[in-house]
>>> print(open('structure-v4.cif').read())   # mmCIF, C-alpha atoms and all ligand atoms
data_protein
loop_
_atom_site.label_atom_id
_atom_site.label_comp_id
_atom_site.auth_asym_id
_atom_site.auth_seq_id
_atom_site.Cartn_x
_atom_site.Cartn_y
_atom_site.Cartn_z
CA MET H 1 -26.36 155.88 -62.81
CA THR H 2 -28.76 154.11 -60.44
CA SER H 3 -31.31 153.96 -63.22
CA ASN H 4 -28.75 152.39 -65.59
CA SER H 5 -27.87 149.70 -63.03
CA ALA H 6 -31.54 148.95 -62.42
CA GLU H 7 -32.18 148.71 -66.15
CA SER H 8 -29.20 146.34 -66.55
CA VAL H 9 -30.54 144.03 -63.85
CA ASN H 10 -34.02 144.22 -65.37
CA ALA H 11 -32.65 143.22 -68.78
CA LEU H 12 -30.63 140.41 -67.19
CA SER H 13 -33.61 138.90 -65.39
CA LEU H 14 -36.20 139.27 -68.13
CA GLN H 15 -37.42 135.65 -67.85
CA GLU H 16 -36.69 135.15 -64.16
CA ARG H 17 -38.88 138.12 -63.15
CA LYS H 18 -41.86 135.97 -64.09
CA TYR H 19 -40.96 133.45 -61.37
CA PRO H 20 -42.51 133.50 -57.87
CA VAL H 21 -40.58 135.78 -55.55
CA THR H 22 -38.75 132.95 -53.71
CA LYS H 23 -37.43 131.53 -57.01
CA LEU H 24 -36.49 135.03 -58.12
CA MET H 25 -34.47 135.52 -54.92
CA ASP H 26 -32.75 132.16 -55.50
CA TYR H 27 -31.80 133.33 -58.97
CA PHE H 28 -30.29 136.61 -57.72
CA VAL H 29 -28.38 134.89 -54.89
CA GLU H 30 -26.95 132.36 -57.36
CA LEU H 31 -26.03 135.17 -59.76
CA GLN H 32 -24.26 137.11 -57.01
CA ARG H 33 -22.38 134.00 -55.90
CA ARG H 34 -21.18 133.34 -59.46
CA TRP H 35 -20.10 136.95 -59.98
CA PHE H 36 -18.23 137.10 -56.65
CA PHE H 37 -16.47 133.79 -57.32
CA GLU H 38 -15.43 134.69 -60.87
CA ARG H 39 -14.28 138.21 -60.00
CA ARG H 40 -12.37 137.06 -56.91
CA ASN H 41 -10.57 134.38 -58.94
CA ASP H 42 -9.92 136.78 -61.80
CA ALA H 43 -8.46 139.44 -59.47
CA ASP H 44 -6.19 136.84 -57.84
CA LYS H 45 -4.47 136.28 -61.19
CA TRP H 46 -3.61 139.93 -61.81
CA THR H 47 0.08 140.64 -61.51
CA HIS H 48 -0.10 144.44 -61.43
CA SER H 49 -0.94 146.47 -58.35
CA LEU H 50 -3.82 148.17 -60.19
CA SER H 51 -7.01 146.48 -61.34
CA LYS H 52 -7.07 145.15 -64.90
CA TRP H 53 -9.38 147.94 -66.05
CA ALA H 54 -7.35 150.70 -64.38
CA GLN H 55 -4.09 149.28 -65.72
CA SER H 56 -5.38 149.21 -69.30
CA ARG H 57 -6.57 152.84 -68.96
CA THR H 58 -3.19 153.86 -67.58
CA THR H 59 -1.31 152.13 -70.38
CA ARG H 60 -3.48 153.88 -72.96
CA LYS H 61 -2.85 157.27 -71.35
CA MET H 62 0.87 156.56 -71.25
CA ALA H 63 0.92 155.91 -75.00
CA LYS H 64 -1.08 159.08 -75.68
CA SER H 65 1.32 161.33 -73.75
CA ARG H 66 4.51 159.89 -75.21
CA ALA H 67 5.35 162.93 -77.38
CA TRP H 68 4.32 165.63 -74.93
CA LYS H 69 6.86 167.98 -73.34
CA VAL H 70 7.42 168.28 -69.59
CA THR H 71 9.49 170.80 -67.66
CA GLY H 72 9.93 170.95 -63.90
CA ILE H 73 8.88 174.00 -61.86
CA ASP H 74 9.90 172.75 -58.42
CA GLU H 75 10.00 169.42 -56.60
CA TYR H 76 6.22 168.92 -56.76
CA HIS H 77 5.06 171.08 -59.70
CA TYR H 78 5.56 170.27 -63.37
CA ASN H 79 4.53 172.10 -66.52
CA ILE H 80 3.20 169.97 -69.40
CA ASP H 81 2.77 171.10 -72.99
CA ASP H 82 0.46 168.57 -74.62
CA GLY H 83 0.49 170.25 -78.03
CA GLY H 84 -2.86 171.93 -77.53
CA ARG H 85 -2.74 173.41 -74.04
CA ARG H 86 -0.51 173.83 -71.04
CA CYS H 87 -1.23 172.07 -67.76
CA VAL H 88 0.46 172.23 -64.37
CA VAL H 89 0.61 169.00 -62.36
CA ASP H 90 0.81 169.38 -58.57
CA LEU H 91 2.08 166.14 -57.05
CA SER H 92 1.79 167.36 -53.45
CA ASN H 93 -1.97 167.95 -53.78
CA ARG H 94 -2.48 165.23 -56.43
CA THR H 95 -4.08 167.63 -58.88
CA CYS H 96 -3.76 168.61 -62.53
CA GLU H 97 -5.21 171.67 -64.25
CA CYS H 98 -7.07 169.42 -66.72
CA ARG H 99 -9.01 168.17 -63.60
CA LYS H 100 -9.26 164.58 -64.88
CA TRP H 101 -7.08 163.31 -62.03
CA GLN H 102 -9.25 164.95 -59.35
CA VAL H 103 -12.52 163.83 -60.93
CA SER H 104 -11.68 160.19 -61.70
CA GLY H 105 -9.05 159.35 -59.09
CA LEU H 106 -6.88 157.85 -61.82
CA PRO H 107 -3.81 159.89 -62.85
CA CYS H 108 -4.37 161.82 -66.09
CA GLU H 109 -1.99 161.73 -69.05
CA HIS H 110 -0.11 164.74 -67.66
CA ALA H 111 0.49 163.14 -64.25
CA ILE H 112 1.59 159.89 -65.91
CA LEU H 113 4.06 161.83 -68.06
CA VAL H 114 5.52 163.43 -64.92
CA CYS H 115 5.92 159.94 -63.50
CA ARG H 116 7.90 158.89 -66.55
CA PHE H 117 9.91 162.13 -66.44
CA LYS H 118 10.92 161.27 -62.86
CA LYS H 119 12.06 157.83 -64.09
CA GLN H 120 9.37 156.04 -62.11
CA ARG H 121 8.38 152.83 -63.88
CA ASP H 122 5.07 152.52 -62.09
CA CYS H 123 2.52 155.28 -61.47
CA SER H 124 -0.02 153.15 -59.57
CA HIS H 125 0.79 155.08 -56.36
CA LEU H 126 -0.93 158.09 -57.96
CA ALA H 127 -4.28 156.27 -58.27
CA MET H 128 -6.94 156.14 -55.59
CA ASP H 129 -7.07 152.94 -53.52
CA TYR H 130 -10.34 151.92 -55.20
CA TYR H 131 -8.40 151.09 -58.36
CA THR H 132 -5.92 148.73 -56.71
CA ARG H 133 -5.98 144.94 -57.05
CA VAL H 134 -6.05 144.57 -53.26
CA PHE H 135 -9.20 146.67 -53.05
CA VAL H 136 -10.96 144.67 -55.77
CA VAL H 137 -10.03 141.38 -54.09
CA SER H 138 -11.34 142.62 -50.74
CA THR H 139 -14.61 143.72 -52.38
CA TYR H 140 -15.35 140.15 -53.48
CA LEU H 141 -13.75 138.39 -50.51
CA GLU H 142 -16.90 137.43 -48.62
CA PRO H 143 -18.38 134.10 -49.80
CA ILE H 144 -22.10 133.88 -50.56
CA ASN H 145 -23.26 130.53 -49.24
CA PRO H 146 -26.25 128.71 -50.70
CA ALA H 147 -29.43 128.24 -48.65
CA SER H 148 -29.95 124.84 -47.08
CA ASN H 149 -32.30 122.29 -48.65
CA GLU H 150 -35.98 123.01 -48.29
CA PHE H 151 -36.61 119.73 -46.42
CA GLU H 152 -34.11 120.86 -43.77
CA TRP H 153 -35.94 124.09 -42.98
CA VAL H 154 -37.54 124.43 -39.56
CA GLU H 155 -41.03 125.87 -39.89
CA PRO H 156 -42.20 128.00 -36.94
CA LYS H 157 -45.52 126.99 -35.42
CA ASN H 158 -46.97 130.48 -35.08
CA HIS H 159 -47.10 131.67 -38.66
CA VAL H 160 -50.18 133.14 -40.29
CA PRO H 161 -50.78 132.59 -44.02
CA LEU H 162 -51.11 135.89 -45.85
CA LEU H 163 -53.08 135.77 -49.07
CA PRO H 164 -52.17 138.15 -51.86
CA PRO H 165 -54.62 140.91 -52.86
CA VAL H 166 -57.01 140.11 -55.68
CA MET H 167 -55.53 141.57 -58.83
CA GLU H 168 -58.09 141.72 -61.58
CA LYS H 169 -56.11 144.03 -63.79
CA ARG H 170 -52.45 143.57 -64.68
CA GLN H 171 -50.31 146.59 -63.79
CA ALA H 172 -48.12 148.09 -66.51
CA GLY H 173 -44.89 146.12 -66.80
CA ARG H 174 -45.87 143.66 -64.07
CA PRO H 175 -46.77 139.99 -64.44
CA LEU H 176 -50.09 138.79 -63.09
CA TYR H 177 -49.12 136.57 -60.20
CA TYR H 178 -51.28 134.55 -57.89
CA GLY H 179 -49.57 132.89 -54.99
CA CYS H 180 -49.47 132.62 -51.27
CA LEU H 181 -47.12 134.46 -48.93
CA VAL H 182 -46.52 133.49 -45.36
CA ILE H 183 -45.63 135.95 -42.61
CA PHE H 184 -44.26 135.02 -39.22
CA VAL H 185 -45.59 136.75 -36.13
ZN ZN F 201 -3.98 166.42 -66.50
#
>>> encode(input="structure-v4.cif", output="structure tokens")
Amino acid sequence: MTSNSAESVNALSLQERKYPVTKLMDYFVELQRRWFFERRNDADKWTHSLSKWAQSRTTRKMAKSRAWKVTGIDEYHYNIDDGGRRCVVDLSNRTCECRKWQVSGLPCEHAILVCRFKKQRDCSHLAMDYYTRVFVVSTYLEPINPASNEFEWVEPKNHVPLLPPVMEKRQAGRPLYYGCLVIFV
């Protein structure tokens, strides 16, 4: 999963990776700011208690389980016949024998069917908090402020220029870059 994320960012910044490192950082900060702003605004418009993605998954599961049969065992346990296999949903421990609920944190088709059987219109209380709108909004709540203008920067007096190593041969997948870094001591 980490590798996939890294590859996505690599593909996204194909051109920008050729920039000097300070410009590259500017690009990533700007990108993060745009993503946070858009996602925060998008989440503010949602009317359901679950995130848009989780709500669409739940709706799809609800449609899939429409014709399945449910019978109660006791207050917290329900037996579901989904046409191919039998599953027991345990509401007290938030588990289902199909294990989808435990693995994903979103209620499976069986748990959603129990919800409907109990005449509950909304099954969002069965999902983990990570799937709620409030959680998504809080994830993107912090603003990412832009850096001040370069002419406003205060340069310390005691810095030592650090020259980059001489690179005569380009490394695989890396641009050949000559520049000057500055370290502060
Ligand atoms: Zn299940």
>>> atom_distance(input="structure-v4.cif", atom1="CA of Leu106 (chain H)", atom2="CA of Met128 (chain H)")
6.5 Å
>>> closest_residue(input="structure-v4.cif", among="H:Val9, H:Leu91, H:Cys98, H:Leu24", to="ligand ZN 201 (chain F)", atoms="all atoms listed in the file")
H:Cys98
>>> residues_near_ligand(input="structure-v4.cif", ligand="ligand ZN 201 (chain F)", cutoff="8 Å", atoms="only C-alpha atoms and all ligand atoms", output="list in words")
Cys87, Val88, Val89, Thr95, Cys96, Glu97, Cys98, Arg99, Lys100, Trp101, Pro107, Cys108, Glu109, His110 and Ala111 of chain H
>>> closest_residue(input="structure-v4.cif", among="H:Leu126, H:Lys119, H:Pro146, H:Thr58", to="Asn93 (chain H)", atoms="only C-alpha atoms")
H:Leu126
>>> atom_distance(input="structure-v4.cif", atom1="CA of Ser13 (chain H)", atom2="CA of Ala172 (chain H)")
17.2 Å
>>> atom_distance(input="structure-v4.cif", atom1="CA of Asn149 (chain H)", atom2="CA of Pro164 (chain H)")
25.6 Å
>>> closest_residue(input="structure-v4.cif", among="H:Tyr140, H:Val160, H:Glu152, H:His77", to="Glu38 (chain H)", atoms="only C-alpha atoms")
H:Tyr140
>>> closest_residue(input="structure-v4.cif", among="H:Ser124, H:Asp74, H:Leu14, H:Trp68", to="Ser56 (chain H)", atoms="only C-alpha atoms")
H:Ser124
>>> residues_around(input="structure-v4.cif", residues="Val137 (chain H)", least_positions_apart="3", cutoff="10 Å", atoms="all atoms listed in the file", output="count of residues only")
14
>>> build_atoms(input="structure-v4.cif", residues="region 106-130 of chain H", atoms="N, CA, C and O atoms", output="PDB file, keeping the file's coordinate frame")
ATOM      1  N   LEU H 106      -7.973 158.476 -61.069  1.00  0.00           N
ATOM      2  CA  LEU H 106      -6.880 157.850 -61.820  1.00  0.00           C
ATOM      3  C   LEU H 106      -5.991 158.970 -62.354  1.00  0.00           C
ATOM      4  O   LEU H 106      -6.519 159.991 -62.806  1.00  0.00           O
ATOM      5  N   PRO H 107      -4.662 158.810 -62.332  1.00  0.00           N
ATOM      6  CA  PRO H 107      -3.810 159.890 -62.850  1.00  0.00           C
ATOM      7  C   PRO H 107      -4.095 160.161 -64.327  1.00  0.00           C
ATOM      8  O   PRO H 107      -4.316 159.238 -65.108  1.00  0.00           O
ATOM      9  N   CYS H 108      -4.124 161.439 -64.688  1.00  0.00           N
ATOM     10  CA  CYS H 108      -4.370 161.820 -66.090  1.00  0.00           C
ATOM     11  C   CYS H 108      -3.078 161.618 -66.888  1.00  0.00           C
ATOM     12  O   CYS H 108      -2.030 161.267 -66.332  1.00  0.00           O
ATOM     13  N   GLU H 109      -3.160 161.874 -68.179  1.00  0.00           N
ATOM     14  CA  GLU H 109      -1.990 161.730 -69.050  1.00  0.00           C
ATOM     15  C   GLU H 109      -0.830 162.599 -68.577  1.00  0.00           C
ATOM     16  O   GLU H 109       0.338 162.188 -68.626  1.00  0.00           O
ATOM     17  N   HIS H 110      -1.151 163.813 -68.112  1.00  0.00           N
ATOM     18  CA  HIS H 110      -0.110 164.740 -67.660  1.00  0.00           C
ATOM     19  C   HIS H 110       0.636 164.199 -66.444  1.00  0.00           C
ATOM     20  O   HIS H 110       1.871 164.254 -66.387  1.00  0.00           O
ATOM     21  N   ALA H 111      -0.125 163.678 -65.476  1.00  0.00           N
ATOM     22  CA  ALA H 111       0.490 163.140 -64.250  1.00  0.00           C
ATOM     23  C   ALA H 111       1.336 161.899 -64.581  1.00  0.00           C
ATOM     24  O   ALA H 111       2.420 161.708 -64.011  1.00  0.00           O
ATOM     25  N   ILE H 112       0.844 161.093 -65.514  1.00  0.00           N
ATOM     26  CA  ILE H 112       1.590 159.890 -65.910  1.00  0.00           C
ATOM     27  C   ILE H 112       2.905 160.283 -66.590  1.00  0.00           C
ATOM     28  O   ILE H 112       3.951 159.664 -66.369  1.00  0.00           O
ATOM     29  N   LEU H 113       2.843 161.353 -67.387  1.00  0.00           N
ATOM     30  CA  LEU H 113       4.060 161.830 -68.060  1.00  0.00           C
ATOM     31  C   LEU H 113       5.091 162.309 -67.028  1.00  0.00           C
ATOM     32  O   LEU H 113       6.286 162.048 -67.175  1.00  0.00           O
ATOM     33  N   VAL H 114       4.614 162.983 -65.980  1.00  0.00           N
ATOM     34  CA  VAL H 114       5.520 163.430 -64.920  1.00  0.00           C
ATOM     35  C   VAL H 114       6.187 162.227 -64.259  1.00  0.00           C
ATOM     36  O   VAL H 114       7.383 162.223 -63.975  1.00  0.00           O
ATOM     37  N   CYS H 115       5.410 161.185 -64.074  1.00  0.00           N
ATOM     38  CA  CYS H 115       5.920 159.940 -63.500  1.00  0.00           C
ATOM     39  C   CYS H 115       7.078 159.402 -64.342  1.00  0.00           C
ATOM     40  O   CYS H 115       8.116 159.014 -63.816  1.00  0.00           O
ATOM     41  N   ARG H 116       6.851 159.380 -65.637  1.00  0.00           N
ATOM     42  CA  ARG H 116       7.900 158.890 -66.550  1.00  0.00           C
ATOM     43  C   ARG H 116       9.120 159.816 -66.532  1.00  0.00           C
ATOM     44  O   ARG H 116      10.256 159.370 -66.588  1.00  0.00           O
ATOM     45  N   PHE H 117       8.848 161.123 -66.477  1.00  0.00           N
ATOM     46  CA  PHE H 117       9.910 162.130 -66.440  1.00  0.00           C
ATOM     47  C   PHE H 117      10.800 161.932 -65.216  1.00  0.00           C
ATOM     48  O   PHE H 117      12.004 162.138 -65.263  1.00  0.00           O
ATOM     49  N   LYS H 118      10.171 161.506 -64.110  1.00  0.00           N
ATOM     50  CA  LYS H 118      10.920 161.270 -62.860  1.00  0.00           C
ATOM     51  C   LYS H 118      11.520 159.865 -62.816  1.00  0.00           C
ATOM     52  O   LYS H 118      11.947 159.403 -61.773  1.00  0.00           O
ATOM     53  N   LYS H 119      11.483 159.175 -63.967  1.00  0.00           N
ATOM     54  CA  LYS H 119      12.060 157.830 -64.090  1.00  0.00           C
ATOM     55  C   LYS H 119      11.394 156.797 -63.179  1.00  0.00           C
ATOM     56  O   LYS H 119      12.009 155.830 -62.738  1.00  0.00           O
ATOM     57  N   GLN H 120      10.112 157.022 -62.894  1.00  0.00           N
ATOM     58  CA  GLN H 120       9.370 156.040 -62.110  1.00  0.00           C
ATOM     59  C   GLN H 120       8.677 155.080 -63.075  1.00  0.00           C
ATOM     60  O   GLN H 120       7.925 155.515 -63.949  1.00  0.00           O
ATOM     61  N   ARG H 121       8.925 153.830 -62.938  1.00  0.00           N
ATOM     62  CA  ARG H 121       8.380 152.830 -63.880  1.00  0.00           C
ATOM     63  C   ARG H 121       6.893 152.600 -63.654  1.00  0.00           C
ATOM     64  O   ARG H 121       6.178 152.195 -64.547  1.00  0.00           O
ATOM     65  N   ASP H 122       6.452 152.833 -62.438  1.00  0.00           N
ATOM     66  CA  ASP H 122       5.070 152.520 -62.090  1.00  0.00           C
ATOM     67  C   ASP H 122       4.410 153.771 -61.508  1.00  0.00           C
ATOM     68  O   ASP H 122       4.983 154.432 -60.647  1.00  0.00           O
ATOM     69  N   CYS H 123       3.214 154.102 -61.999  1.00  0.00           N
ATOM     70  CA  CYS H 123       2.520 155.280 -61.470  1.00  0.00           C
ATOM     71  C   CYS H 123       1.265 154.888 -60.696  1.00  0.00           C
ATOM     72  O   CYS H 123       0.374 155.705 -60.494  1.00  0.00           O
ATOM     73  N   SER H 124       1.187 153.617 -60.278  1.00  0.00           N
ATOM     74  CA  SER H 124      -0.020 153.150 -59.570  1.00  0.00           C
ATOM     75  C   SER H 124      -0.203 153.854 -58.227  1.00  0.00           C
ATOM     76  O   SER H 124      -1.307 153.938 -57.717  1.00  0.00           O
ATOM     77  N   HIS H 125       0.901 154.382 -57.649  1.00  0.00           N
ATOM     78  CA  HIS H 125       0.790 155.080 -56.360  1.00  0.00           C
ATOM     79  C   HIS H 125       0.013 156.396 -56.501  1.00  0.00           C
ATOM     80  O   HIS H 125      -0.380 156.987 -55.513  1.00  0.00           O
ATOM     81  N   LEU H 126      -0.187 156.851 -57.742  1.00  0.00           N
ATOM     82  CA  LEU H 126      -0.930 158.090 -57.960  1.00  0.00           C
ATOM     83  C   LEU H 126      -2.444 157.849 -58.055  1.00  0.00           C
ATOM     84  O   LEU H 126      -3.227 158.791 -58.063  1.00  0.00           O
ATOM     85  N   ALA H 127      -2.846 156.586 -58.143  1.00  0.00           N
ATOM     86  CA  ALA H 127      -4.280 156.270 -58.270  1.00  0.00           C
ATOM     87  C   ALA H 127      -4.915 156.124 -56.897  1.00  0.00           C
ATOM     88  O   ALA H 127      -4.247 155.797 -55.912  1.00  0.00           O
ATOM     89  N   MET H 128      -6.221 156.358 -56.844  1.00  0.00           N
ATOM     90  CA  MET H 128      -6.940 156.140 -55.590  1.00  0.00           C
ATOM     91  C   MET H 128      -6.950 154.647 -55.259  1.00  0.00           C
ATOM     92  O   MET H 128      -6.876 153.809 -56.161  1.00  0.00           O
ATOM     93  N   ASP H 129      -7.103 154.340 -53.967  1.00  0.00           N
ATOM     94  CA  ASP H 129      -7.070 152.940 -53.520  1.00  0.00           C
ATOM     95  C   ASP H 129      -8.124 152.072 -54.209  1.00  0.00           C
ATOM     96  O   ASP H 129      -7.937 150.871 -54.380  1.00  0.00           O
ATOM     97  N   TYR H 130      -9.244 152.677 -54.590  1.00  0.00           N
ATOM     98  CA  TYR H 130     -10.340 151.920 -55.200  1.00  0.00           C
ATOM     99  C   TYR H 130      -9.913 151.201 -56.479  1.00  0.00           C
ATOM    100  O   TYR H 130     -10.549 150.247 -56.895  1.00  0.00           O
TER     101      TYR H 130
END
